[in-house]
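Heads up: the structure comes next, in structure tokens.
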Amino acid sequence: MELNDTQFERYARHLILDEVGEDGQEKLLNARVLVIGAGGLGSPMILYLAAAGVGTIGVVDDDVVDLSNLQRQVIHATERVGHSKVDSVAAAIAAVNPDIRIIRHNERIGPGNVEAMIADYDIVADGSDNFPTRYLLNDVCYLAGKPLISGALLRFEGQMFRFERDAAAPSPCYRCVFPETPDPTLVPRCEQAGILGSICGVVGSLQATEVLKAVLDLGESLRGQMLIYDALGQTFRRIRLARDPHCRLCGDVAQVASLRDLGWDDGTATQV
């Protein structure tokens, strides 16, 4: 595709970057990214991906906008309280960048629909806030060979990971790092423990940047590493993650061909 005059003006700051240029912007416009969750992480992710010109963005969320969301979920507006989050996202993005196609998945993600849902996308970005969804996305993206860029938040801290299957250079998956589901009483969700709203913007923007880097094949990948942000100390740390050769999904002798091999029940839906 060729950029039109309006797009040359809209994306001018990308076009003057040697690492992006016109070819890179066309890659972005042709890219298809699925964002899981239109909440604290999904909000800045979607806004920045849309502003950058990622041409097709799928959004998965079956919730409605609540007044308590607006402290951190910056894509939504007071006037859209009570509306479905995916409709709210579509309205916001139409005002930001009419180039972008928003595909609304107003449903819960689960083993019965996740494979079909990710099939048409190049990259999956996880902005969910619960462990079942994180494990499910890790498993399905590994099996499908899709890059997964995952974030997590709690109180004053955020984490980001990138998981990507590569036979030539195996790297850890989410199950290598967390073989067993953590005790939810030890790792409460944000509605139980609280969250400083601006942290969502920091980590969600970092996820958007990692997505753009993946589309453009730029810079150093976060694959096989964890990035930790501590807002109170205003510090970032990078930790190299070890691959577990005994991992039940990606280990040396693992023989997993489907989600069912990992015990997922087609009738189970997770909550974003």
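Residue numbers start at 1 in each chain; chains themselves are named A, B, ... in the order of the structure tokens; ligands are numbered from 1 in the order shown.
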Inset, instruction - For Val215 (chain A), list every protein, DNA or RNA residue within 8 Å, evaluated using only C-alpha atoms, and leave out those in the same chain fewer than 5 positions away; present the list as number ranges by chain. - result: A: 27-28, 31
Just to be explicit: take each residue in the selection above, keep all heavy atoms, and write the result as a PDB file, in the first residue's frame.
ATOM      1  N   LYS A  27       4.272  -1.242   7.275  1.00  0.00           N
ATOM      2  CA  LYS A  27       4.196  -2.458   8.086  1.00  0.00           C
ATOM      3  C   LYS A  27       3.227  -2.274   9.243  1.00  0.00           C
ATOM      4  O   LYS A  27       2.423  -3.160   9.568  1.00  0.00           O
ATOM      5  CB  LYS A  27       5.575  -2.828   8.648  1.00  0.00           C
ATOM      6  CG  LYS A  27       6.554  -3.387   7.643  1.00  0.00           C
ATOM      7  CD  LYS A  27       7.863  -3.731   8.339  1.00  0.00           C
ATOM      8  CE  LYS A  27       8.895  -4.270   7.365  1.00  0.00           C
ATOM      9  NZ  LYS A  27      10.188  -4.562   8.053  1.00  0.00           N
ATOM     10  N   LEU A  28       3.294  -1.107   9.886  1.00  0.00           N
ATOM     11  CA  LEU A  28       2.393  -0.833  10.996  1.00  0.00           C
ATOM     12  C   LEU A  28       0.941  -0.812  10.530  1.00  0.00           C
ATOM     13  O   LEU A  28       0.055  -1.392  11.175  1.00  0.00           O
ATOM     14  CB  LEU A  28       2.754   0.496  11.661  1.00  0.00           C
ATOM     15  CG  LEU A  28       4.084   0.531  12.418  1.00  0.00           C
ATOM     16  CD1 LEU A  28       4.412   1.947  12.864  1.00  0.00           C
ATOM     17  CD2 LEU A  28       4.045  -0.401  13.625  1.00  0.00           C
ATOM     18  N   ALA A  31      -0.311  -4.231  10.103  1.00  0.00           N
ATOM     19  CA  ALA A  31      -0.207  -5.125  11.264  1.00  0.00           C
ATOM     20  C   ALA A  31      -1.570  -5.358  11.902  1.00  0.00           C
ATOM     21  O   ALA A  31      -2.472  -4.517  11.845  1.00  0.00           O
ATOM     22  CB  ALA A  31       0.755  -4.537  12.292  1.00  0.00           C
TER      23      ALA A  31
END
Legend entry - Residue neighbourhood Val89 (chain A), 12 Å, only C-alpha atoms, exclusion window fewer than 5 positions, as a ChimeraX atom specification: /A:35,37-39,42-47,50,57-61,63-65,73-77,80,83-84,94-97,100-106
Inset, instruction - Using DSSP on the backbone, list every residue of region 110-162 of chain A that comes out as helix (DSSP H, G or I), and give them as a VMD selection string. - result: chain A and resid 114 to 118 131 to 144
Resulting file, chosen residues, N, CA, C and O atoms, as a PDB file, in the first residue's frame:
ATOM      1  N   VAL A 114     -10.419 -19.189  22.241  1.00  0.00           N
ATOM      2  CA  VAL A 114      -9.170 -18.442  22.153  1.00  0.00           C
ATOM      3  C   VAL A 114      -8.373 -18.761  20.880  1.00  0.00           C
ATOM      4  O   VAL A 114      -7.763 -17.871  20.281  1.00  0.00           O
ATOM      5  N   GLU A 115      -8.379 -20.007  20.449  1.00  0.00           N
ATOM      6  CA  GLU A 115      -7.594 -20.354  19.254  1.00  0.00           C
ATOM      7  C   GLU A 115      -8.130 -19.658  18.013  1.00  0.00           C
ATOM      8  O   GLU A 115      -7.362 -19.109  17.214  1.00  0.00           O
ATOM      9  N   ALA A 116      -9.442 -19.661  17.857  1.00  0.00           N
ATOM     10  CA  ALA A 116     -10.037 -18.964  16.712  1.00  0.00           C
ATOM     11  C   ALA A 116      -9.828 -17.464  16.828  1.00  0.00           C
ATOM     12  O   ALA A 116      -9.630 -16.770  15.825  1.00  0.00           O
ATOM     13  N   MET A 117      -9.846 -16.954  18.063  1.00  0.00           N
ATOM     14  CA  MET A 117      -9.734 -15.517  18.266  1.00  0.00           C
ATOM     15  C   MET A 117      -8.357 -14.984  17.878  1.00  0.00           C
ATOM     16  O   MET A 117      -8.229 -13.922  17.267  1.00  0.00           O
ATOM     17  N   ILE A 118      -7.300 -15.706  18.218  1.00  0.00           N
ATOM     18  CA  ILE A 118      -5.953 -15.197  17.923  1.00  0.00           C
ATOM     19  C   ILE A 118      -5.499 -15.500  16.500  1.00  0.00           C
ATOM     20  O   ILE A 118      -4.500 -14.954  16.029  1.00  0.00           O
ATOM     21  N   PHE A 131      -4.672 -14.789  36.726  1.00  0.00           N
ATOM     22  CA  PHE A 131      -3.733 -15.839  36.325  1.00  0.00           C
ATOM     23  C   PHE A 131      -4.286 -16.828  35.306  1.00  0.00           C
ATOM     24  O   PHE A 131      -3.547 -17.226  34.393  1.00  0.00           O
ATOM     25  N   PRO A 132      -5.543 -17.263  35.391  1.00  0.00           N
ATOM     26  CA  PRO A 132      -6.019 -18.197  34.368  1.00  0.00           C
ATOM     27  C   PRO A 132      -5.868 -17.654  32.942  1.00  0.00           C
ATOM     28  O   PRO A 132      -5.461 -18.393  32.038  1.00  0.00           O
ATOM     29  N   THR A 133      -6.173 -16.370  32.752  1.00  0.00           N
ATOM     30  CA  THR A 133      -6.031 -15.794  31.406  1.00  0.00           C
ATOM     31  C   THR A 133      -4.576 -15.752  30.979  1.00  0.00           C
ATOM     32  O   THR A 133      -4.244 -16.041  29.819  1.00  0.00           O
ATOM     33  N   ARG A 134      -3.687 -15.423  31.886  1.00  0.00           N
ATOM     34  CA  ARG A 134      -2.258 -15.360  31.540  1.00  0.00           C
ATOM     35  C   ARG A 134      -1.724 -16.735  31.126  1.00  0.00           C
ATOM     36  O   ARG A 134      -0.982 -16.854  30.146  1.00  0.00           O
ATOM     37  N   TYR A 135      -2.101 -17.766  31.894  1.00  0.00           N
ATOM     38  CA  TYR A 135      -1.659 -19.112  31.529  1.00  0.00           C
ATOM     39  C   TYR A 135      -2.262 -19.543  30.194  1.00  0.00           C
ATOM     40  O   TYR A 135      -1.576 -20.132  29.354  1.00  0.00           O
ATOM     41  N   LEU A 136      -3.536 -19.259  29.993  1.00  0.00           N
ATOM     42  CA  LEU A 136      -4.199 -19.658  28.752  1.00  0.00           C
ATOM     43  C   LEU A 136      -3.548 -18.984  27.548  1.00  0.00           C
ATOM     44  O   LEU A 136      -3.271 -19.634  26.530  1.00  0.00           O
ATOM     45  N   LEU A 137      -3.275 -17.688  27.651  1.00  0.00           N
ATOM     46  CA  LEU A 137      -2.656 -16.975  26.528  1.00  0.00           C
ATOM     47  C   LEU A 137      -1.233 -17.460  26.282  1.00  0.00           C
ATOM     48  O   LEU A 137      -0.797 -17.597  25.136  1.00  0.00           O
ATOM     49  N   ASN A 138      -0.511 -17.728  27.350  1.00  0.00           N
ATOM     50  CA  ASN A 138       0.830 -18.296  27.191  1.00  0.00           C
ATOM     51  C   ASN A 138       0.777 -19.595  26.410  1.00  0.00           C
ATOM     52  O   ASN A 138       1.541 -19.811  25.460  1.00  0.00           O
ATOM     53  N   ASP A 139      -0.157 -20.462  26.796  1.00  0.00           N
ATOM     54  CA  ASP A 139      -0.235 -21.786  26.186  1.00  0.00           C
ATOM     55  C   ASP A 139      -0.651 -21.697  24.717  1.00  0.00           C
ATOM     56  O   ASP A 139      -0.035 -22.316  23.846  1.00  0.00           O
ATOM     57  N   VAL A 140      -1.703 -20.930  24.447  1.00  0.00           N
ATOM     58  CA  VAL A 140      -2.214 -20.888  23.073  1.00  0.00           C
ATOM     59  C   VAL A 140      -1.243 -20.155  22.147  1.00  0.00           C
ATOM     60  O   VAL A 140      -1.070 -20.558  20.990  1.00  0.00           O
ATOM     61  N   CYS A 141      -0.588 -19.101  22.635  1.00  0.00           N
ATOM     62  CA  CYS A 141       0.367 -18.384  21.783  1.00  0.00           C
ATOM     63  C   CYS A 141       1.603 -19.236  21.505  1.00  0.00           C
ATOM     64  O   CYS A 141       2.144 -19.207  20.397  1.00  0.00           O
ATOM     65  N   TYR A 142       2.042 -20.000  22.502  1.00  0.00           N
ATOM     66  CA  TYR A 142       3.169 -20.900  22.269  1.00  0.00           C
ATOM     67  C   TYR A 142       2.816 -21.932  21.204  1.00  0.00           C
ATOM     68  O   TYR A 142       3.585 -22.158  20.259  1.00  0.00           O
ATOM     69  N   LEU A 143       1.658 -22.545  21.334  1.00  0.00           N
ATOM     70  CA  LEU A 143       1.250 -23.580  20.382  1.00  0.00           C
ATOM     71  C   LEU A 143       1.060 -23.005  18.982  1.00  0.00           C
ATOM     72  O   LEU A 143       1.339 -23.680  17.991  1.00  0.00           O
ATOM     73  N   ALA A 144       0.580 -21.767  18.895  1.00  0.00           N
ATOM     74  CA  ALA A 144       0.325 -21.141  17.596  1.00  0.00           C
ATOM     75  C   ALA A 144       1.537 -20.399  17.051  1.00  0.00           C
ATOM     76  O   ALA A 144       1.506 -19.922  15.907  1.00  0.00           O
TER      77      ALA A 144
END
Legend entry - Counting only C-alpha atoms, the option among A:Cys250, A:Ala214, A:Leu3, A:Val124 closest to Gly21 (chain A): A:Leu3
Legend entry - Who sits within 7 Å of Cys176 (chain A), only C-alpha atoms, same chain under 4 positions skipped, as a PyMOL selection string: chain A and resi 172+243-244+247
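In this model, the gap between CA of Gln234 (chain A) and CA of Pro182 (chain A) comes to 26.2 Å.
The interatomic distance for the pair CA of Gln225 (chain A) and CA of Gln159 (chain A) works out to 10.4 Å.
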Inset, instruction - Based on DSSP run over this structure's backbone, return all residues of region 27-225 of chain A in strand (DSSP E), as a PyMOL selection string. - result: chain A and resi 32-36+56-60+101-105+123-126+148-154+157-163+225
Legend entry - All residues 8 Å or closer to Leu49 (chain A), only C-alpha atoms, same chain fewer than 4 positions away omitted, as a PyMOL selection string: chain A and resi 45+53-54+208+212
Now that the selection is made, can you save its residues with N, CA and C atoms as a PDB file, in the first residue's frame?
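Final output, saved to again29.pdb:
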ATOM      1  N   MET A  45      -2.151   1.063  25.940  1.00  0.00           N
ATOM      2  CA  MET A  45      -1.670   0.258  24.812  1.00  0.00           C
ATOM      3  C   MET A  45      -2.443   0.569  23.549  1.00  0.00           C
ATOM      4  N   GLY A  53      -0.494   4.001  14.231  1.00  0.00           N
ATOM      5  CA  GLY A  53      -0.936   3.530  12.924  1.00  0.00           C
ATOM      6  C   GLY A  53      -0.995   2.031  12.770  1.00  0.00           C
ATOM      7  N   VAL A  54      -1.084   1.276  13.891  1.00  0.00           N
ATOM      8  CA  VAL A  54      -1.303  -0.173  13.777  1.00  0.00           C
ATOM      9  C   VAL A  54      -2.698  -0.353  13.195  1.00  0.00           C
ATOM     10  N   ALA A 208       3.062  -1.298  24.565  1.00  0.00           N
ATOM     11  CA  ALA A 208       2.836  -0.785  23.210  1.00  0.00           C
ATOM     12  C   ALA A 208       4.153  -0.632  22.462  1.00  0.00           C
ATOM     13  N   LEU A 212       5.283  -2.421  18.947  1.00  0.00           N
ATOM     14  CA  LEU A 212       5.773  -1.696  17.772  1.00  0.00           C
ATOM     15  C   LEU A 212       7.151  -2.205  17.357  1.00  0.00           C
TER      16      LEU A 212
END
Inset, instruction - Rank A:Arg155, A:Arg72, A:His246, A:Arg260 by their smallest atom-to-atom distance to Pro111 (chain A), using only C-alpha atoms, and report the top residue only. - result: A:Arg260
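For the choices A:Pro98, A:Pro147, A:Gly224, A:Gly251, the atom-to-atom distance to Ala51 (chain A) is smallest for A:Pro98 when using only C-alpha atoms.
Comparing the minimum interatomic distances between Ile228 (chain A) and each of A:Ala52, A:Val203, A:Val256, A:Ile195, counting only C-alpha atoms, we find that A:Val203 sits nearest.
Comparing A:Glu22, A:Asp252, A:Asp99, A:Asp129 by their smallest distance to Thr6 (chain A), the closest is A:Asp99 (using only C-alpha atoms).
The residue that comes closest to Ile36 (chain A), out of A:Val253, A:Ile93, A:Ala168, A:Ile123 and on the basis of only C-alpha atoms, is A:Ile123.
When CA of Glu157 (chain A) is paired with CA of Lys213 (chain A), their separation reads 23.3 Å.
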